[in-house]
file model-v3.csv (CSV, C-alpha atoms and all ligand atoms)
chain,number,residue,atom,x,y,z
A,1,MET,CA,90.0,119.7,-0.5
A,2,VAL,CA,91.6,117.1,1.6
A,3,THR,CA,89.4,115.5,4.3
A,4,SER,CA,88.5,112.5,6.3
A,5,PRO,CA,84.9,112.7,7.6
A,6,PRO,CA,83.6,110.6,10.5
A,7,TYR,CA,83.1,107.0,9.2
A,8,ASN,CA,80.0,106.2,11.2
A,9,LEU,CA,81.8,103.4,13.0
A,10,ASP,CA,80.8,104.5,16.5
A,11,LEU,CA,84.1,106.0,17.3
A,12,ARG,CA,84.3,108.1,20.5
A,13,TYR,CA,84.7,111.6,19.3
A,14,ARG,CA,84.4,114.3,22.0
A,15,THR,CA,81.4,116.0,20.5
A,16,TYR,CA,80.2,114.3,17.4
A,17,ARG,CA,78.0,111.2,17.7
A,18,ASP,CA,79.4,108.6,15.2
A,19,ASP,CA,76.5,106.3,15.3
A,20,ARG,CA,73.8,107.6,12.9
A,21,ALA,CA,71.4,105.3,11.0
A,22,GLU,CA,73.2,104.5,7.8
A,23,ALA,CA,70.7,106.2,5.6
A,24,ASP,CA,70.9,109.4,7.6
A,25,TYR,CA,74.7,109.3,7.6
A,26,LEU,CA,74.9,108.8,3.8
A,27,ALA,CA,72.4,111.6,3.1
A,28,TRP,CA,74.3,113.9,5.5
A,29,LEU,CA,77.6,113.2,3.9
A,30,VAL,CA,76.4,113.4,0.3
A,31,GLY,CA,74.9,116.8,1.2
A,32,ILE,CA,78.3,118.0,2.6
A,33,CYS,CA,80.2,116.6,-0.5
A,34,GLN,CA,77.8,118.6,-2.7
A,35,GLN,CA,78.7,121.7,-0.8
A,36,ILE,CA,82.3,120.9,-1.2
A,37,GLY,CA,81.7,120.6,-5.0
A,38,ARG,CA,80.0,124.0,-4.9
A,39,VAL,CA,83.2,125.7,-3.6
A,40,LEU,CA,85.8,123.5,-5.3
A,41,ALA,CA,87.7,125.4,-7.9
A,42,PRO,CA,87.1,124.4,-11.6
A,43,ASP,CA,90.5,122.7,-11.7
A,44,GLY,CA,90.4,121.7,-8.0
A,45,SER,CA,90.9,118.3,-6.5
A,46,PHE,CA,88.8,116.7,-3.7
A,47,PHE,CA,90.6,114.0,-1.8
A,48,LEU,CA,88.1,112.1,0.3
A,49,ASN,CA,89.5,109.6,2.8
A,50,ILE,CA,87.0,107.0,4.1
A,51,ALA,CA,87.0,103.4,5.2
A,52,GLY,CA,84.3,100.8,6.2
A,53,SER,CA,84.6,98.2,8.8
A,54,SER,CA,84.3,94.4,8.8
A,55,THR,CA,80.6,94.6,9.7
A,56,GLN,CA,79.9,97.8,7.7
A,57,PRO,CA,81.9,97.2,4.5
A,58,TRP,CA,79.6,98.8,2.0
A,59,VAL,CA,79.5,102.4,3.3
A,60,PRO,CA,82.5,103.9,1.3
A,61,PHE,CA,81.2,102.3,-1.8
A,62,GLU,CA,77.6,103.4,-1.2
A,63,LEU,CA,78.9,106.9,-0.7
A,64,ILE,CA,81.1,107.0,-3.8
A,65,THR,CA,78.3,105.7,-5.9
A,66,ARG,CA,76.0,108.4,-4.7
A,67,LEU,CA,78.6,111.0,-5.5
A,68,ARG,CA,78.7,109.9,-9.2
A,69,PRO,CA,76.2,112.5,-10.4
A,70,HIS,CA,78.3,115.3,-8.7
A,71,PHE,CA,81.9,114.4,-9.4
A,72,ALA,CA,84.3,112.5,-11.7
A,73,LEU,CA,86.2,109.8,-9.9
A,74,GLN,CA,89.6,110.7,-11.3
A,75,ASN,CA,91.7,108.3,-9.2
A,76,HIS,CA,91.0,105.7,-6.5
A,77,ILE,CA,94.0,105.5,-4.2
A,78,THR,CA,94.4,102.8,-1.7
A,79,TRP,CA,96.0,104.0,1.5
A,80,VAL,CA,98.0,101.0,2.8
A,81,LYS,CA,98.6,101.4,6.6
A,82,SER,CA,100.4,98.1,7.1
A,83,ILE,CA,101.7,95.4,4.8
A,84,ALA,CA,103.1,92.0,5.2
A,85,LEU,CA,106.2,91.4,3.0
A,86,GLU,CA,108.0,88.1,2.8
A,87,GLY,CA,108.8,87.2,6.4
A,88,ASP,CA,108.1,90.7,7.7
A,89,SER,CA,105.3,93.2,8.3
A,90,VAL,CA,105.5,97.0,8.5
A,91,GLY,CA,103.0,99.5,9.9
A,92,HIS,CA,100.2,99.6,12.5
A,93,TYR,CA,96.5,98.7,12.3
A,94,LYS,CA,93.7,97.8,14.7
A,95,PRO,CA,93.5,94.0,14.7
A,96,VAL,CA,90.1,92.3,13.9
A,97,GLY,CA,89.3,89.3,16.1
A,98,GLY,CA,87.4,86.1,15.3
A,99,THR,CA,87.6,83.8,12.4
A,100,ARG,CA,85.5,85.5,9.7
A,101,PHE,CA,87.4,88.7,8.8
A,102,LEU,CA,90.9,89.7,7.8
A,103,ASN,CA,92.6,92.5,9.6
A,104,ARG,CA,91.8,95.7,7.7
A,105,ASN,CA,95.1,97.3,6.7
A,106,HIS,CA,93.9,99.8,4.1
A,107,GLU,CA,91.6,102.7,3.6
A,108,ASN,CA,90.1,104.4,0.5
A,109,LEU,CA,91.3,107.8,-0.8
A,110,PHE,CA,88.9,108.9,-3.5
A,111,HIS,CA,90.3,111.7,-5.8
A,112,LEU,CA,87.2,113.5,-7.1
A,113,THR,CA,87.3,116.4,-9.6
A,114,HIS,CA,84.7,118.3,-11.6
A,115,THR,CA,85.8,117.0,-15.0
A,116,GLY,CA,88.2,114.0,-14.6
A,117,HIS,CA,90.7,116.0,-16.5
A,118,VAL,CA,92.6,117.9,-13.8
A,119,VAL,CA,96.3,117.9,-14.6
A,120,LEU,CA,98.4,116.5,-11.7
A,121,ASP,CA,102.1,116.7,-10.8
A,122,ARG,CA,102.6,113.0,-10.6
A,123,LEU,CA,106.4,113.3,-10.2
A,124,ALA,CA,106.0,115.6,-7.1
A,125,ILE,CA,105.4,112.4,-5.2
A,126,GLY,CA,107.3,110.2,-7.7
A,127,VAL,CA,109.7,107.4,-6.8
A,128,PRO,CA,113.0,106.5,-8.4
A,129,PHE,CA,113.1,104.0,-11.2
A,130,LYS,CA,114.1,100.5,-10.0
A,131,ASP,CA,115.7,99.8,-13.4
A,132,LYS,CA,117.7,102.9,-14.3
A,133,SER,CA,118.0,101.8,-17.9
A,134,ASN,CA,114.3,102.7,-18.2
A,135,ILE,CA,115.1,106.4,-17.8
A,136,ALA,CA,116.8,106.9,-21.2
A,137,ARG,CA,115.0,104.0,-23.0
A,138,ARG,CA,111.6,105.5,-22.2
A,139,GLY,CA,112.7,109.1,-22.8
A,140,HIS,CA,112.5,110.4,-19.2
A,141,THR,CA,114.6,113.3,-18.1
A,142,ARG,CA,114.5,112.6,-14.3
A,143,ASP,CA,115.0,109.5,-12.3
A,144,LEU,CA,111.4,109.6,-11.1
A,145,ARG,CA,108.3,107.6,-12.0
A,146,CYS,CA,104.7,107.8,-11.0
A,147,ARG,CA,104.2,106.2,-7.5
A,148,GLY,CA,100.9,104.6,-8.6
A,149,ASP,CA,97.7,104.4,-6.6
A,150,SER,CA,98.8,102.3,-3.6
A,151,TRP,CA,100.2,104.6,-1.0
A,152,PHE,CA,102.0,102.9,1.8
A,153,ILE,CA,101.8,105.4,4.7
A,154,PRO,CA,102.2,103.8,8.1
A,155,TYR,CA,101.2,105.5,11.4
A,156,ARG,CA,104.2,106.3,13.5
A,157,THR,CA,104.5,104.2,16.7
A,158,ILE,CA,102.9,106.0,19.6
A,159,ARG,CA,102.8,104.9,23.3
A,160,SER,CA,99.8,107.0,24.5
A,161,LYS,CA,96.6,108.7,23.3
A,162,GLN,CA,98.2,112.0,24.3
A,163,GLN,CA,100.6,111.6,21.4
A,164,ARG,CA,97.6,111.9,19.0
A,165,HIS,CA,96.2,114.7,21.2
A,166,HIS,CA,93.3,112.4,22.4
A,167,HIS,CA,91.7,112.4,19.0
A,168,PRO,CA,90.5,109.0,18.0
A,169,ALA,CA,91.1,109.2,14.2
A,170,PRO,CA,93.8,111.5,12.9
A,171,PHE,CA,95.5,110.6,9.6
A,172,PRO,CA,99.3,110.7,9.2
A,173,GLN,CA,100.5,114.1,8.0
A,174,THR,CA,102.1,112.4,5.0
A,175,LEU,CA,98.7,111.6,3.6
A,176,PRO,CA,97.5,115.2,3.1
A,177,GLU,CA,101.0,116.3,2.1
A,178,TRP,CA,101.1,113.8,-0.8
A,179,CYS,CA,97.5,114.9,-1.9
A,180,ILE,CA,98.5,118.5,-2.0
A,181,ARG,CA,101.8,117.9,-3.7
A,182,LEU,CA,100.1,115.6,-6.3
A,183,HIS,CA,97.5,118.3,-7.0
A,184,GLY,CA,100.6,120.4,-7.9
A,185,LYS,CA,99.2,123.9,-7.9
A,186,PRO,CA,101.7,126.5,-6.5
A,187,ASP,CA,100.1,128.5,-3.6
A,188,ALA,CA,97.1,126.1,-3.4
A,189,LEU,CA,94.3,126.9,-1.0
A,190,VAL,CA,93.4,123.8,0.9
A,191,LEU,CA,90.1,123.3,2.8
A,192,ASP,CA,89.5,120.5,5.3
A,193,PRO,CA,85.9,120.7,6.5
A,194,PHE,CA,86.5,117.9,9.1
A,195,ALA,CA,89.8,119.3,10.3
A,196,GLY,CA,90.1,117.3,13.6
A,197,THR,CA,93.4,118.4,15.2
A,198,GLY,CA,94.6,120.1,12.1
A,199,THR,CA,96.7,117.5,10.3
A,200,THR,CA,95.7,118.8,6.8
A,201,LEU,CA,96.5,122.4,7.9
A,202,LEU,CA,100.0,121.3,9.1
A,203,ALA,CA,100.5,119.5,5.8
A,204,ALA,CA,99.4,122.6,3.8
A,205,ARG,CA,101.9,124.7,5.7
A,206,ALA,CA,104.7,122.1,5.3
A,207,VAL,CA,104.3,122.2,1.5
A,208,GLY,CA,103.8,126.0,1.2
A,209,ALA,CA,100.1,126.0,0.7
A,210,ARG,CA,97.4,127.9,2.5
A,211,GLY,CA,95.0,126.0,4.7
A,212,ILE,CA,91.5,126.5,6.1
A,213,GLY,CA,90.0,124.1,8.6
A,214,ILE,CA,86.5,123.6,9.9
A,215,GLU,CA,86.0,121.6,13.1
A,216,LEU,CA,83.0,121.0,15.3
A,217,ASP,CA,84.8,120.2,18.5
A,218,GLU,CA,86.3,123.2,20.3
A,219,GLU,CA,89.1,121.2,22.0
A,220,TYR,CA,90.3,119.5,18.7
A,221,ALA,CA,90.2,123.0,17.1
A,222,ALA,CA,92.2,124.4,20.0
A,223,VAL,CA,94.8,121.6,19.6
A,224,ALA,CA,95.0,122.5,15.8
A,225,ARG,CA,95.5,126.1,16.6
A,226,GLY,CA,98.2,125.3,19.2
A,227,LEU,CA,100.1,123.0,16.7
A,228,LEU,CA,99.9,125.6,14.0
A,229,SER,CA,101.2,128.4,16.2
A,230,GLY,CA,104.0,126.1,17.6
A,301,LIG,C1,88.0,111.5,11.0
A,301,LIG,S1,88.1,112.9,12.0
A,301,LIG,C2,89.2,114.0,11.1
A,301,LIG,C3,90.6,113.9,11.7
A,301,LIG,C4,91.6,114.7,11.0
A,301,LIG,N1,91.9,114.3,9.6
A,301,LIG,C5,92.9,114.8,11.8
A,301,LIG,O1,93.9,114.3,11.3
A,301,LIG,O2,92.9,115.2,12.9
A,301,LIG,C6,86.5,113.7,11.7
A,301,LIG,C7,86.3,115.0,12.4
A,301,LIG,O3,85.1,115.7,12.0
A,301,LIG,C8,84.6,116.4,13.1
A,301,LIG,N2,83.2,116.7,12.7
A,301,LIG,C9,82.1,116.0,12.8
A,301,LIG,N3,81.0,116.6,12.4
A,301,LIG,C10,81.4,117.9,12.0
A,301,LIG,C11,80.8,119.0,11.4
A,301,LIG,N4,79.5,119.0,11.2
A,301,LIG,N5,81.5,120.1,11.1
A,301,LIG,C12,82.9,120.1,11.4
A,301,LIG,N6,83.6,119.0,11.9
A,301,LIG,C13,82.9,117.9,12.2
A,301,LIG,C14,84.8,115.5,14.3
A,301,LIG,O4,84.8,116.2,15.5
A,301,LIG,C15,86.2,114.9,13.9
A,301,LIG,O5,87.2,115.6,14.6
call {"tool": "encode", "arguments": {"input": "model-v3.csv", "output": "structure tokens", "more": "lines below"}}
Ligand SMILES: C[S@@+](CC[C@H](N)C(=O)[O-])C[C@H]1O[C@@H](n2cnc3c(N)ncnc32)[C@H](O)[C@@H]1O
result
Amino acid sequence: MVTSPPYNLDLRYRTYRDDRAEADYLAWLVGICQQIGRVLAPDGSFFLNIAGSSTQPWVPFELITRLRPHFALQNHITWVKSIALEGDSVGHYKPVGGTRFLNRNHENLFHLTHTGHVVLDRLAIGVPFKDKSNIARRGHTRDLRCRGDSWFIPYRTIRSKQQRHHHPAPFPQTLPEWCIRLHGKPDALVLDPFAGTGTTLLAARAVGARGIGIELDEEYAAVARGLLSG
């Protein structure tokens, strides 16, 4: 499972109303996550991408706490959308105005499993060693080490909403691709129950997995079908 549900931040989706009372929203999403758990394979992975906002910062943490009886939280990955490095910054984000809050440059990616013991293919998304002497010294056979749990995946630069098919909140294709590759099962079957314009399905196809998407809005689903048939 790789999915990004609506975050309840009053985004303008075409069909879905993203402005529920917080208690209703959490109850709804916990119910859906329980159903995801029901169909998740015993050695499956459930990657849940969610973020809060400056004024609703608790929601992702409320959600993940409520999922504790139903899943093991095997990894908590931070998706970094933009980062300031010495004298430079890379990536895009929506700026936060005023004087109270910092710009929000990251989102959560919770990796949930049934047992907490699902074997992953960490090197499938590994990075080369910085210090090559570590390869022999630490007994590695390949010049690859685990990438860790901070994933820098910037959005590509776009000039119009049309370039994201008029959907307010797609994630970059690299995000689901890394999830599927990290899970590391050949011929994986990937479900995205909030498929939007089909980014997870495109990622599944790109890495040789099979994908199933569920999407409420007919136009987003039509875009997904079009992209998949293109
Ligand atoms: C955050 S977006 C997902 C975007 C997707 N990851 C992409 O890259 O296009 C959440 C999606 O969930 C859809 N949605 C909301 N409620 C739904 C429901 N009950 N069943 C299926 N889809 C739903 C919305 O229409 C929206 O497209």
call {"tool": "atom_distance", "arguments": {"input": "model-v3.csv", "atom1": "CA of Leu102 (chain A)", "atom2": "CA of Thr55 (chain A)"}}
result
11.6 Å
call {"tool": "atom_distance", "arguments": {"input": "model-v3.csv", "atom1": "CA of Gln34 (chain A)", "atom2": "atom C7 of ligand LIG 301 (chain A)"}}
result
17.7 Å
call {"tool": "residues_around", "arguments": {"input": "model-v3.csv", "residues": "Leu109 (chain A)", "least_positions_apart": "4", "cutoff": "12 Å", "atoms": "only C-alpha atoms", "output": "PyMOL selection string"}}
result
chain A and resi 1-5+45-51+60-61+64+73-80+149-151+171+175-176+178-179
call {"tool": "write_last_selection", "arguments": {"input": "model-v3.csv", "atoms": "C-alpha atoms", "output": "short mmCIF file (atom, residue, chain, number, x, y, z; two decimals), in the frame of the given file"}}
result
data_model
loop_
_atom_site.label_atom_id
_atom_site.label_comp_id
_atom_site.auth_asym_id
_atom_site.auth_seq_id
_atom_site.Cartn_x
_atom_site.Cartn_y
_atom_site.Cartn_z
CA MET A 1 90.00 119.70 -0.50
CA VAL A 2 91.60 117.10 1.60
CA THR A 3 89.40 115.50 4.30
CA SER A 4 88.50 112.50 6.30
CA PRO A 5 84.90 112.70 7.60
CA SER A 45 90.90 118.30 -6.50
CA PHE A 46 88.80 116.70 -3.70
CA PHE A 47 90.60 114.00 -1.80
CA LEU A 48 88.10 112.10 0.30
CA ASN A 49 89.50 109.60 2.80
CA ILE A 50 87.00 107.00 4.10
CA ALA A 51 87.00 103.40 5.20
CA PRO A 60 82.50 103.90 1.30
CA PHE A 61 81.20 102.30 -1.80
CA ILE A 64 81.10 107.00 -3.80
CA LEU A 73 86.20 109.80 -9.90
CA GLN A 74 89.60 110.70 -11.30
CA ASN A 75 91.70 108.30 -9.20
CA HIS A 76 91.00 105.70 -6.50
CA ILE A 77 94.00 105.50 -4.20
CA THR A 78 94.40 102.80 -1.70
CA TRP A 79 96.00 104.00 1.50
CA VAL A 80 98.00 101.00 2.80
CA ASP A 149 97.70 104.40 -6.60
CA SER A 150 98.80 102.30 -3.60
CA TRP A 151 100.20 104.60 -1.00
CA PHE A 171 95.50 110.60 9.60
CA LEU A 175 98.70 111.60 3.60
CA PRO A 176 97.50 115.20 3.10
CA TRP A 178 101.10 113.80 -0.80
CA CYS A 179 97.50 114.90 -1.90
#
call {"tool": "closest_atom_pairs", "arguments": {"input": "model-v3.csv", "of": "chain A", "to": "ligand LIG 301 (chain A)", "cutoff": "9 Å", "atoms": "all atoms listed in the file", "output": "tab-separated table"}}
result
residue	atom	partner	partner_atom	distance
A:Val2	CA	A:LIG301	N1	8.5
A:Thr3	CA	A:LIG301	N1	6.0
A:Ser4	CA	A:LIG301	C1	4.8
A:Pro5	CA	A:LIG301	C6	4.5
A:Pro6	CA	A:LIG301	C6	4.4
A:Tyr7	CA	A:LIG301	C1	6.9
A:Tyr13	CA	A:LIG301	O4	6.0
A:Arg14	CA	A:LIG301	O4	6.8
A:Thr15	CA	A:LIG301	O4	6.0
A:Tyr16	CA	A:LIG301	C9	5.3
A:Arg17	CA	A:LIG301	C9	8.0
A:Asp18	CA	A:LIG301	C9	8.2
A:Ile32	CA	A:LIG301	N4	8.7
A:Asn49	CA	A:LIG301	C1	8.5
A:Ile50	CA	A:LIG301	C1	8.3
A:Arg164	CA	A:LIG301	O2	8.4
A:His165	CA	A:LIG301	O2	8.9
A:His167	CA	A:LIG301	O2	6.8
A:Pro168	CA	A:LIG301	S1	7.5
A:Ala169	CA	A:LIG301	C1	5.0
A:Pro170	CA	A:LIG301	O1	3.2
A:Phe171	CA	A:LIG301	O1	4.4
A:Pro172	CA	A:LIG301	O1	6.8
A:Gln173	CA	A:LIG301	O1	7.4
A:Pro176	CA	A:LIG301	N1	8.6
A:Asp192	CA	A:LIG301	N1	7.9
A:Pro193	CA	A:LIG301	C12	5.8
A:Phe194	CA	A:LIG301	O3	3.9
A:Ala195	CA	A:LIG301	C4	5.0
A:Gly196	CA	A:LIG301	O5	3.5
A:Thr197	CA	A:LIG301	O2	4.0
A:Gly198	CA	A:LIG301	O2	5.2
A:Thr199	CA	A:LIG301	O1	4.4
A:Thr200	CA	A:LIG301	N1	6.5
A:Gly213	CA	A:LIG301	C12	8.6
A:Ile214	CA	A:LIG301	C12	5.2
A:Glu215	CA	A:LIG301	N6	3.7
A:Leu216	CA	A:LIG301	N6	4.0
A:Asp217	CA	A:LIG301	O4	5.0
A:Glu218	CA	A:LIG301	O4	8.6
A:Tyr220	CA	A:LIG301	O5	6.5
A:Ala221	CA	A:LIG301	O5	8.4
A:Ala224	CA	A:LIG301	O2	8.1
call {"tool": "residues_around", "arguments": {"input": "model-v3.csv", "residues": "Leu9 (chain A)", "least_positions_apart": "5", "cutoff": "8 Å", "atoms": "all atoms listed in the file", "output": "number ranges by chain"}}
result
A: 18-19, 52-53, 56
call {"tool": "closest_residue", "arguments": {"input": "model-v3.csv", "among": "A:Leu123, A:Val118, A:Val90, A:Val39", "to": "Tyr155 (chain A)", "atoms": "all atoms listed in the file"}}
result
A:Val90
call {"tool": "residues_around", "arguments": {"input": "model-v3.csv", "residues": "Ile125 (chain A)", "least_positions_apart": "2", "cutoff": "10 Å", "atoms": "all atoms listed in the file", "output": "list in words"}}
result
Asp121, Arg122, Leu123, Val127, Leu144, Arg145, Cys146, Arg147, Gly148, Glu177, Trp178, Cys179, Ile180, Arg181, Leu182 and Gly184 of chain A
call {"tool": "atom_distance", "arguments": {"input": "model-v3.csv", "atom1": "CA of Leu120 (chain A)", "atom2": "CA of Ser133 (chain A)"}}
result
25.3 Å
call {"tool": "closest_residue", "arguments": {"input": "model-v3.csv", "among": "A:Glu86, A:Arg142, A:Arg66, A:Pro95", "to": "Ala124 (chain A)", "atoms": "all atoms listed in the file"}}
result
A:Arg142
call {"tool": "residues_around", "arguments": {"input": "model-v3.csv", "residues": "Asn105 (chain A)", "least_positions_apart": "4", "cutoff": "9 Å", "atoms": "only C-alpha atoms", "output": "PyMOL selection string"}}
result
chain A and resi 79-83+91-95
call {"tool": "residues_around", "arguments": {"input": "model-v3.csv", "residues": "Lys132 (chain A)", "least_positions_apart": "3", "cutoff": "12 Å", "atoms": "only C-alpha atoms", "output": "VMD selection string"}}
result
chain A and resid 127 to 129 135 to 145
call {"tool": "axis_aligned_box", "arguments": {"input": "model-v3.csv", "around": "region 221-230 of chain A", "padding_each_side": "5 Å", "output": "JSON"}}
result
{"center_x": 97.1, "center_y": 125.0, "center_z": 17.0, "size_x": 23.8, "size_y": 16.8, "size_z": 16.0}
call {"tool": "closest_residue", "arguments": {"input": "model-v3.csv", "among": "A:His166, A:Leu29, A:Gly126, A:Ser160", "to": "Arg12 (chain A)", "atoms": "only C-alpha atoms"}}
result
A:His166
call {"tool": "closest_residue", "arguments": {"input": "model-v3.csv", "among": "A:Leu201, A:Val96, A:Ile158, A:Leu189", "to": "Thr174 (chain A)", "atoms": "all atoms listed in the file"}}
result
A:Leu201
call {"tool": "closest_residue", "arguments": {"input": "model-v3.csv", "among": "A:Ala206, A:Pro69, A:Ala222, A:Glu22", "to": "Asp10 (chain A)", "atoms": "all atoms listed in the file"}}
result
A:Glu22
call {"tool": "decode", "arguments": {"input": "model-v3.csv", "residues": "region 156-211 of chain A", "atoms": "C-alpha atoms", "output": "JSON list (two decimals), in the first residue's frame"}}
result
[["chain", "number", "residue", "atom", "x", "y", "z"],
["A", 156, "ARG", "CA", 9.78, 19.43, -10.26],
["A", 157, "THR", "CA", 9.29, 23.03, -11.29],
["A", 158, "ILE", "CA", 5.91, 23.62, -12.94],
["A", 159, "ARG", "CA", 4.52, 26.76, -14.51],
["A", 160, "SER", "CA", 0.79, 25.93, -14.52],
["A", 161, "LYS", "CA", -1.79, 23.80, -12.69],
["A", 162, "GLN", "CA", -2.32, 21.97, -15.96],
["A", 163, "GLN", "CA", 1.11, 20.39, -15.49],
["A", 164, "ARG", "CA", -0.22, 18.63, -12.40],
["A", 165, "HIS", "CA", -3.50, 17.87, -14.22],
["A", 166, "HIS", "CA", -5.47, 20.34, -12.05],
["A", 167, "HIS", "CA", -5.10, 18.11, -9.00],
["A", 168, "PRO", "CA", -4.24, 20.12, -5.85],
["A", 169, "ALA", "CA", -2.04, 17.55, -4.12],
["A", 170, "PRO", "CA", -0.18, 14.93, -6.16],
["A", 171, "PHE", "CA", 3.07, 13.57, -4.78],
["A", 172, "PRO", "CA", 6.21, 13.25, -6.97],
["A", 173, "GLN", "CA", 6.45, 9.85, -8.67],
["A", 174, "THR", "CA", 9.81, 9.20, -7.01],
["A", 175, "LEU", "CA", 8.09, 8.92, -3.62],
["A", 176, "PRO", "CA", 5.95, 5.84, -4.39],
["A", 177, "GLU", "CA", 8.77, 4.43, -6.53],
["A", 178, "TRP", "CA", 11.16, 4.44, -3.59],
["A", 179, "CYS", "CA", 8.50, 2.91, -1.33],
["A", 180, "ILE", "CA", 7.87, 0.03, -3.75],
["A", 181, "ARG", "CA", 11.56, -0.55, -4.39],
["A", 182, "LEU", "CA", 12.35, -0.45, -0.67],
["A", 183, "HIS", "CA", 9.62, -3.00, 0.02],
["A", 184, "GLY", "CA", 11.59, -5.11, -2.41],
["A", 185, "LYS", "CA", 9.17, -7.87, -3.40],
["A", 186, "PRO", "CA", 9.40, -8.90, -7.05],
["A", 187, "ASP", "CA", 6.05, -8.60, -8.80],
["A", 188, "ALA", "CA", 4.52, -6.67, -5.90],
["A", 189, "LEU", "CA", 0.81, -5.81, -6.01],
["A", 190, "VAL", "CA", 0.42, -2.17, -4.95],
["A", 191, "LEU", "CA", -2.89, -0.60, -3.86],
["A", 192, "ASP", "CA", -3.47, 3.13, -3.57],
["A", 193, "PRO", "CA", -6.97, 3.72, -2.15],
["A", 194, "PHE", "CA", -6.64, 7.52, -2.66],
["A", 195, "ALA", "CA", -5.15, 7.32, -6.13],
["A", 196, "GLY", "CA", -5.71, 10.91, -7.34],
["A", 197, "THR", "CA", -4.25, 11.18, -10.83],
["A", 198, "GLY", "CA", -2.52, 7.82, -10.54],
["A", 199, "THR", "CA", 1.02, 8.68, -9.43],
["A", 200, "THR", "CA", 1.36, 5.45, -7.42],
["A", 201, "LEU", "CA", 0.14, 3.42, -10.39],
["A", 202, "LEU", "CA", 2.66, 5.08, -12.70],
["A", 203, "ALA", "CA", 5.37, 4.36, -10.12],
["A", 204, "ALA", "CA", 4.27, 0.71, -9.86],
["A", 205, "ARG", "CA", 4.48, 0.33, -13.61],
["A", 206, "ALA", "CA", 7.89, 2.04, -13.73],
["A", 207, "VAL", "CA", 9.36, -0.48, -11.27],
["A", 208, "GLY", "CA", 7.66, -3.57, -12.73],
["A", 209, "ALA", "CA", 4.96, -3.94, -10.07],
["A", 210, "ARG", "CA", 1.22, -4.30, -10.55],
["A", 211, "GLY", "CA", -1.00, -1.44, -9.39]]
